[in-house]
Amino acid sequence: MGVVFRQSVKNSIVTAAGAMLGAFTTWLATKYLPRREYGFIGTFTSLAVSFGPLLLVGLNSTLVVYIHRYTDDHKKRSSLIALCFLVPLLFIAIASGFWWLAKGWVLAKLQLEDRVFMDAYYYWLPLFTLMFVYMTIAEQFLGSQMKVAAPALMREVVFRIGYIVLIVLFAASIISFDTLLKGNILLYLLPVLAMFAMAVRLPAFGMSLSLGNFNKDEYRDMVKFTWYHFLLAASIQIIAYLDAILLPFYSVGGFQTTAIYRNALVLISFIQIPARALAPASFTALARAFAEDNREKAGDLYLRSSINIFLVTVCISVLIACNLQNVLAIIPNGYDEMVPVFQILLLGNLVNVMTGMNDQILSITNYYQFNLVLSLLLGVSLYFLIRTLVPMYDVYGAAWSTTIAMVTFNLVKTMFIYRKLGMLPFSMRTLRVVVAVLPALAAGYLLPRLFNGMANVYIGAMADAAMRSIAIVLVYVAMLLWLKPSADLDDYLATVRKNKRLF
């Protein structure tokens with residue numbers, strides 16, 4: 001678990017840096033982009049991000065799991081990598097044809113004011129989706145080789161710096177909105193090419209188009225595994241992005257409502273940093289433990305990883321929750337609704353984090369079919385919730401639909417894993433985390449606002465946020481050092497003290 005934790009710390013730092021850049025990007029976009037254009041970019045990106053995993057048809061999961069089965073068989077490993085990189089191209093080509101044929105139907109579902117944007121960039125979506133497909137495949141391969149920090153640097157930092165440059169150029173009237181959007185799509189070439197270059201340099205990488213390296217039974221086993229994981233990914237993506245995708249179709253505000261929702265999702269993305277940073281390395285270790293049939297080791301990894309992710313997540317949640325007024329102070333007027341939307345979404349995300357790495361466990365074991373059925377049922381339920389609640393409660397209806405689905409989804413999975421595998425993602429150590437964060441929450445919430453009257457609202461908001469955040473972190477760290485909820489954190493801090501370095 002030591003190397004997993006160190007890799008996770010590196011990835012956390014990179015992911016956090018990317019999230020800060022993302023927040024700065026959001027501030028720039030809300031300041032210089034009209035709400036409808038900003039909302040359209042959010043919807044268009046959500047479409048690409050959600051379609052990407054679907055067109056991977058589960059091969060990203062196949063790559064991560066099966067590559068460890070062919071560690072000593074270079075030919076089979078090379079054929080596996082080639083299949084995972086090339087097969088999605090076929091599915092993207094097929095999906096592009098259906099997307100082009102559906103143009104009239106899609107445009108008819110949008111608000112009249114929104115159709116002009118979708119009409120102008122409709123045919124760019126397949127290319128946008130292709131970028132996400134290859135970024136995911138390359139990152140999954142690198143993750144399988146315990147290389148998680150460098151891909152995260154390209155995805156979280158390098159790309160966002162490029163996008164910031166585009167927004168600044170747009171704000172200075174040097175480029176048009178058309179160039180901004182197309183440039184945003186093409187920017188994804190940077191992380192894709194960089195990750196591929198890193199992969200090629202690793203000894204485990206290779207490609208072979210020889211289909212005879214696998215026998216019929218191996219192909220049958222891989223197809224079955226891939227098929228179920230494709231359906232699982234499809235249902236999970238529906239749950240993850242259906243709210244952002246359907247909101248402009250059912251809200252009278254269209255893309256303008258999406259702009260509000262997107263800002264709340266940016267805040268939620270900070271809550272998701274620990275899971276995104278710690279899960280890749282932990283997933284690889286879990287896959288190896290199950291491959292070795294070491295159930296005790298797998299259970300220990302499951303519990304410890306869940307606690308580590310939860311420990312960081314609750315701290316970030318408190319930091320954001322106690323600084324929401326500062327967030328509103330520095331963005332333009334018209335986005336006040338993002339605060340209650342964020343609070344509603346936070347409930348679901350905290351339950352999601354507290355229940356641990358359920359998806360990873362179910363995808364590795366023979367119970368991924370259960371995860372598939374549950375995900376499909378909840379995807380359908382989420383659709384009807386959004387269709388019902390958004391016309392009634394607008395942006396709040398989308399947030400409540402997602403939270404209800406997320407809470408139900410994770411509680412059922414947790415109960416199933418416990419019954420079948422005897423594993424739980426929480427213990428008394430999880431309760432220690434909750435006890436540790438309560439005084440930090442009180443410190444952040446009760447601290448008076450001393451900078452509200454400053455002439456410069458940005459300086460006042462940042463000064464208040466800095467003071468409030470320092471108080472929260474100091475209290476929380478002190479409580480963690482006292483209660484010691486994470487053995488991995490204790491070991492890591494001991495190593496830092498001994499070696500005088502972070503890694």
# chains A, B, ... in the order shown; residues from 1 in each chain; ligands from 1

$ closest_atom_pairs --of "range 215-266 of chain A" --to "range 90-114 of chain A" --cutoff "9 Å" --atoms "only C-alpha atoms" --output "tab-separated table"
residue	atom	partner	partner_atom	distance
A:Pro248	CA	A:Leu110	CA	6.9
A:Phe249	CA	A:Leu110	CA	5.2
A:Tyr250	CA	A:Leu110	CA	8.3
A:Ser251	CA	A:Gln111	CA	8.7
A:Val252	CA	A:Gln111	CA	7.3
A:Gly253	CA	A:Gln111	CA	8.0
A:Gly254	CA	A:Gln111	CA	6.0
A:Phe255	CA	A:Asp114	CA	6.6

$ residues_around --residues "His229 in chain A" --least-positions-apart "3" --cutoff "10 Å" --atoms "only C-alpha atoms" --output "list of chain:residue names"
A:Leu54, A:Leu56, A:Val57, A:Gly58, A:Leu59, A:Asn60, A:Ser61, A:Thr62, A:Val223, A:Lys224, A:Phe225, A:Thr226, A:Leu232, A:Ala233, A:Ala234, A:Ser235, A:Ser363, A:Tyr368, A:Gln369, A:Asn371, A:Leu372

$ write_last_selection --atoms "N, CA and C atoms" --output "PDB file, in the first residue's frame"
ATOM      1  N   LEU A  54     -18.547   5.458 -23.734  1.00  0.00           N
ATOM      2  CA  LEU A  54     -19.465   4.546 -24.415  1.00  0.00           C
ATOM      3  C   LEU A  54     -18.795   3.942 -25.643  1.00  0.00           C
ATOM      4  N   LEU A  56     -15.684   3.561 -26.106  1.00  0.00           N
ATOM      5  CA  LEU A  56     -14.586   2.671 -25.716  1.00  0.00           C
ATOM      6  C   LEU A  56     -15.070   1.231 -25.595  1.00  0.00           C
ATOM      7  N   VAL A  57     -16.378   1.065 -25.527  1.00  0.00           N
ATOM      8  CA  VAL A  57     -17.063  -0.228 -25.418  1.00  0.00           C
ATOM      9  C   VAL A  57     -16.457  -1.143 -24.342  1.00  0.00           C
ATOM     10  N   GLY A  58     -16.001  -0.545 -23.232  1.00  0.00           N
ATOM     11  CA  GLY A  58     -15.490  -1.334 -22.121  1.00  0.00           C
ATOM     12  C   GLY A  58     -14.049  -1.757 -22.244  1.00  0.00           C
ATOM     13  N   LEU A  59     -13.367  -1.399 -23.330  1.00  0.00           N
ATOM     14  CA  LEU A  59     -12.000  -1.863 -23.556  1.00  0.00           C
ATOM     15  C   LEU A  59     -11.003  -1.233 -22.586  1.00  0.00           C
ATOM     16  N   ASN A  60     -11.320  -0.079 -22.028  1.00  0.00           N
ATOM     17  CA  ASN A  60     -10.421   0.503 -21.029  1.00  0.00           C
ATOM     18  C   ASN A  60     -10.351  -0.377 -19.790  1.00  0.00           C
ATOM     19  N   SER A  61     -11.480  -0.936 -19.358  1.00  0.00           N
ATOM     20  CA  SER A  61     -11.478  -1.864 -18.217  1.00  0.00           C
ATOM     21  C   SER A  61     -10.775  -3.167 -18.578  1.00  0.00           C
ATOM     22  N   THR A  62     -10.990  -3.636 -19.792  1.00  0.00           N
ATOM     23  CA  THR A  62     -10.321  -4.860 -20.253  1.00  0.00           C
ATOM     24  C   THR A  62      -8.816  -4.695 -20.235  1.00  0.00           C
ATOM     25  N   VAL A 223     -14.431 -10.984 -24.708  1.00  0.00           N
ATOM     26  CA  VAL A 223     -15.629 -10.350 -25.262  1.00  0.00           C
ATOM     27  C   VAL A 223     -16.724 -10.265 -24.196  1.00  0.00           C
ATOM     28  N   LYS A 224     -16.892 -11.334 -23.435  1.00  0.00           N
ATOM     29  CA  LYS A 224     -17.895 -11.330 -22.370  1.00  0.00           C
ATOM     30  C   LYS A 224     -17.576 -10.264 -21.331  1.00  0.00           C
ATOM     31  N   PHE A 225     -16.312 -10.220 -20.902  1.00  0.00           N
ATOM     32  CA  PHE A 225     -15.888  -9.231 -19.913  1.00  0.00           C
ATOM     33  C   PHE A 225     -16.077  -7.816 -20.448  1.00  0.00           C
ATOM     34  N   THR A 226     -15.641  -7.598 -21.701  1.00  0.00           N
ATOM     35  CA  THR A 226     -15.715  -6.271 -22.308  1.00  0.00           C
ATOM     36  C   THR A 226     -17.154  -5.839 -22.506  1.00  0.00           C
ATOM     37  N   LEU A 232     -21.899  -1.485 -18.414  1.00  0.00           N
ATOM     38  CA  LEU A 232     -21.739  -0.849 -17.111  1.00  0.00           C
ATOM     39  C   LEU A 232     -21.265   0.585 -17.274  1.00  0.00           C
ATOM     40  N   ALA A 233     -20.257   0.792 -18.139  1.00  0.00           N
ATOM     41  CA  ALA A 233     -19.750   2.150 -18.376  1.00  0.00           C
ATOM     42  C   ALA A 233     -20.842   3.040 -18.940  1.00  0.00           C
ATOM     43  N   ALA A 234     -21.651   2.477 -19.833  1.00  0.00           N
ATOM     44  CA  ALA A 234     -22.743   3.248 -20.421  1.00  0.00           C
ATOM     45  C   ALA A 234     -23.704   3.730 -19.347  1.00  0.00           C
ATOM     46  N   SER A 235     -24.084   2.833 -18.452  1.00  0.00           N
ATOM     47  CA  SER A 235     -25.039   3.207 -17.412  1.00  0.00           C
ATOM     48  C   SER A 235     -24.433   4.187 -16.418  1.00  0.00           C
ATOM     49  N   SER A 363     -16.196  -4.355 -10.633  1.00  0.00           N
ATOM     50  CA  SER A 363     -15.683  -4.545 -11.986  1.00  0.00           C
ATOM     51  C   SER A 363     -14.592  -5.612 -12.029  1.00  0.00           C
ATOM     52  N   TYR A 368     -19.687  -8.064 -11.540  1.00  0.00           N
ATOM     53  CA  TYR A 368     -19.892  -6.845 -12.320  1.00  0.00           C
ATOM     54  C   TYR A 368     -21.231  -6.875 -13.067  1.00  0.00           C
ATOM     55  N   GLN A 369     -21.789  -8.079 -13.269  1.00  0.00           N
ATOM     56  CA  GLN A 369     -23.096  -8.145 -13.921  1.00  0.00           C
ATOM     57  C   GLN A 369     -24.185  -7.518 -13.032  1.00  0.00           C
ATOM     58  N   ASN A 371     -23.648  -5.056 -10.945  1.00  0.00           N
ATOM     59  CA  ASN A 371     -23.425  -3.617 -11.066  1.00  0.00           C
ATOM     60  C   ASN A 371     -24.053  -3.085 -12.351  1.00  0.00           C
ATOM     61  N   LEU A 372     -23.969  -3.901 -13.396  1.00  0.00           N
ATOM     62  CA  LEU A 372     -24.547  -3.512 -14.683  1.00  0.00           C
ATOM     63  C   LEU A 372     -26.068  -3.359 -14.572  1.00  0.00           C
TER      64      LEU A 372
END

$ residues_around --residues "Met423 in chain A" --least-positions-apart "6" --cutoff "9 Å" --atoms "only C-alpha atoms" --output "list in words"
Gly299, Asp300, Tyr302, Leu303, Thr414 and Ile417 of chain A

$ write_last_selection --atoms "C-alpha atoms" --output "tab-separated table (two decimals), in the first residue's frame"
chain	number	residue	atom	x	y	z
A	299	GLY	CA	-10.32	-6.31	1.67
A	300	ASP	CA	-7.59	-4.37	3.44
A	302	TYR	CA	-10.58	-1.63	-0.17
A	303	LEU	CA	-11.04	-0.34	3.37
A	414	THR	CA	-22.38	-1.38	-0.49
A	417	ILE	CA	-20.55	-6.20	-1.60

$ closest_atom_pairs --of "range 284-369 of chain A" --to "range 32-41 of chain A" --cutoff "10 Å" --atoms "only C-alpha atoms" --output "Markdown table"
| residue | atom | partner | partner_atom | distance |
| --- | --- | --- | --- | --- |
| A:Pro332 | CA | A:Tyr32 | CA | 9.6 |
| A:Gly334 | CA | A:Arg35 | CA | 9.1 |
| A:Tyr335 | CA | A:Arg35 | CA | 9.6 |

$ residues_around --residues "Phe159 in chain A" --least-positions-apart "4" --cutoff "8 Å" --atoms "only C-alpha atoms" --output "ChimeraX atom specification"
/A:154-155,163,187-188,190-191

$ atom_distance --atom1 "CA of Asn308 in chain A" --atom2 "CA of Gln360 in chain A"
15.5 Å

$ residues_around --residues "Ala171 in chain A" --least-positions-apart "6" --cutoff "12 Å" --atoms "only C-alpha atoms" --output "list in words"
Leu28, Ala29, Thr30, Lys31, Tyr32, Leu33, Pro34, Ile164, Val165, Phe177 and Leu180 of chain A

$ select_by_dssp --residues "range 362-486 of chain A" --states "alpha helix (DSSP H)" --output "PyMOL selection string"
chain A and resi 362-364+368-393+395-421+428-446+457-483

$ write_last_selection --atoms "C-alpha atoms" --output "short mmCIF file (atom, residue, chain, number, x, y, z; two decimals), in the first residue's frame"
data_model
loop_
_atom_site.label_atom_id
_atom_site.label_comp_id
_atom_site.auth_asym_id
_atom_site.auth_seq_id
_atom_site.Cartn_x
_atom_site.Cartn_y
_atom_site.Cartn_z
CA LEU A 362 -17.50 -5.03 -8.68
CA SER A 363 -15.68 -4.55 -11.99
CA ILE A 364 -12.80 -6.80 -10.90
CA TYR A 368 -19.89 -6.85 -12.32
CA GLN A 369 -23.10 -8.15 -13.92
CA PHE A 370 -25.00 -7.07 -10.79
CA ASN A 371 -23.43 -3.62 -11.07
CA LEU A 372 -24.55 -3.51 -14.68
CA VAL A 373 -28.19 -4.35 -13.93
CA LEU A 374 -28.33 -1.90 -11.03
CA SER A 375 -26.71 0.86 -13.09
CA LEU A 376 -29.12 0.39 -15.98
CA LEU A 377 -32.12 0.53 -13.65
CA LEU A 378 -30.84 3.66 -11.97
CA GLY A 379 -29.99 5.26 -15.30
CA VAL A 380 -33.59 4.82 -16.40
CA SER A 381 -34.81 6.10 -13.03
CA LEU A 382 -32.55 9.15 -13.30
CA TYR A 383 -33.94 9.97 -16.73
CA PHE A 384 -37.52 9.96 -15.44
CA LEU A 385 -36.52 11.94 -12.35
CA ILE A 386 -34.93 14.64 -14.52
CA ARG A 387 -37.83 14.65 -16.94
CA THR A 388 -40.23 15.11 -14.02
CA LEU A 389 -38.33 17.40 -11.64
CA VAL A 390 -36.56 19.81 -14.03
CA PRO A 391 -39.80 21.22 -15.56
CA MET A 392 -41.09 21.64 -11.99
CA TYR A 393 -38.00 22.92 -10.14
CA VAL A 395 -31.96 23.65 -12.03
CA TYR A 396 -32.75 22.37 -8.51
CA GLY A 397 -34.70 19.50 -10.02
CA ALA A 398 -31.59 18.34 -11.89
CA ALA A 399 -29.51 18.48 -8.70
CA TRP A 400 -32.05 16.53 -6.63
CA SER A 401 -32.44 13.93 -9.40
CA THR A 402 -28.70 13.25 -9.40
CA THR A 403 -28.40 13.14 -5.62
CA ILE A 404 -31.32 10.71 -5.20
CA ALA A 405 -29.88 8.40 -7.86
CA MET A 406 -26.34 8.58 -6.46
CA VAL A 407 -27.35 7.83 -2.88
CA THR A 408 -29.56 4.90 -3.90
CA PHE A 409 -26.92 3.56 -6.29
CA ASN A 410 -24.14 3.45 -3.71
CA LEU A 411 -26.07 2.20 -0.70
CA VAL A 412 -27.39 -0.79 -2.64
CA LYS A 413 -23.91 -1.60 -3.96
CA THR A 414 -22.38 -1.38 -0.49
CA MET A 415 -24.94 -3.80 0.93
CA PHE A 416 -24.37 -6.21 -1.96
CA ILE A 417 -20.55 -6.20 -1.60
CA TYR A 418 -20.87 -6.83 2.11
CA ARG A 419 -23.24 -9.77 1.61
CA LYS A 420 -21.19 -11.41 -1.16
CA LEU A 421 -17.60 -10.54 -0.23
CA MET A 428 -14.56 2.86 13.28
CA ARG A 429 -11.69 4.71 11.62
CA THR A 430 -14.24 6.31 9.29
CA LEU A 431 -16.09 7.59 12.35
CA ARG A 432 -12.82 9.13 13.56
CA VAL A 433 -12.67 11.12 10.33
CA VAL A 434 -16.20 12.42 10.94
CA VAL A 435 -15.29 13.38 14.52
CA ALA A 436 -12.11 15.10 13.29
CA VAL A 437 -13.89 17.25 10.71
CA LEU A 438 -16.68 18.58 12.97
CA PRO A 439 -14.45 21.04 14.92
CA ALA A 440 -12.92 22.16 11.60
CA LEU A 441 -16.42 22.83 10.22
CA ALA A 442 -17.30 24.83 13.32
CA ALA A 443 -14.10 26.88 13.00
CA GLY A 444 -14.78 27.72 9.37
CA TYR A 445 -18.47 28.48 9.83
CA LEU A 446 -18.27 30.53 13.05
CA VAL A 457 -13.96 42.81 -3.45
CA TYR A 458 -11.44 40.34 -4.88
CA ILE A 459 -8.80 41.08 -2.26
CA GLY A 460 -11.43 40.99 0.49
CA ALA A 461 -12.85 37.64 -0.65
CA MET A 462 -9.41 36.06 -1.07
CA ALA A 463 -8.21 37.36 2.31
CA ASP A 464 -11.30 35.97 4.03
CA ALA A 465 -10.98 32.66 2.18
CA ALA A 466 -7.31 32.36 3.12
CA MET A 467 -7.95 33.10 6.82
CA ARG A 468 -10.97 30.79 6.95
CA SER A 469 -9.22 27.96 5.10
CA ILE A 470 -6.10 28.14 7.28
CA ALA A 471 -8.26 27.88 10.41
CA ILE A 472 -10.12 24.86 8.98
CA VAL A 473 -6.95 23.04 7.90
CA LEU A 474 -5.09 23.66 11.18
CA VAL A 475 -7.97 22.37 13.28
CA TYR A 476 -8.55 19.38 10.99
CA VAL A 477 -4.86 18.37 10.84
CA ALA A 478 -4.58 18.65 14.62
CA MET A 479 -7.60 16.39 15.04
CA LEU A 480 -6.20 13.87 12.53
CA LEU A 481 -2.86 13.73 14.34
CA TRP A 482 -4.73 13.10 17.55
CA LEU A 483 -7.29 10.56 16.35
#

$ closest_residue --among "A:Val353, A:Val339, A:Ala199, A:Asn323" --to "Pro274 in chain A" --atoms "only C-alpha atoms"
A:Val353

$ closest_residue --among "A:Ser173, A:Asn263, A:Asn215, A:Ser305" --to "Val341 in chain A" --atoms "only C-alpha atoms"
A:Asn263

$ atom_distance --atom1 "CA of Met135 in chain A" --atom2 "CA of Met195 in chain A"
7.4 Å

$ closest_residue --among "A:Ala23, A:Leu130, A:Met354, A:Ala329" --to "Asn456 in chain A" --atoms "only C-alpha atoms"
A:Ala329

$ closest_residue --among "A:Trp227, A:Tyr134, A:Phe214, A:Phe283" --to "Ala194 in chain A" --atoms "only C-alpha atoms"
A:Tyr134

$ atom_distance --atom1 "CA of Ile330 in chain A" --atom2 "CA of Ile309 in chain A"
29.5 Å

$ residues_around --residues "Val266 in chain A" --least-positions-apart "4" --cutoff "9 Å" --atoms "only C-alpha atoms" --output "list in words"
Ala19, Gly22, Ala23, Thr26, Tyr261, Arg262 and Phe270 of chain A

$ residues_around --residues "Pro425 in chain A" --least-positions-apart "4" --cutoff "6 Å" --atoms "only C-alpha atoms" --output "MDAnalysis selection string"
chainID A and resid 303 306 355:356

$ write_last_selection --atoms "C-alpha atoms" --output "PDB file, in the first residue's frame"
ATOM      1  CA  LEU A 303     -11.038  -0.339   3.372  1.00  0.00           C
ATOM      2  CA  SER A 306     -11.883   4.233   1.045  1.00  0.00           C
ATOM      3  CA  THR A 355     -19.132   4.083   0.303  1.00  0.00           C
ATOM      4  CA  GLY A 356     -15.664   3.660  -1.147  1.00  0.00           C
TER       5      GLY A 356
END
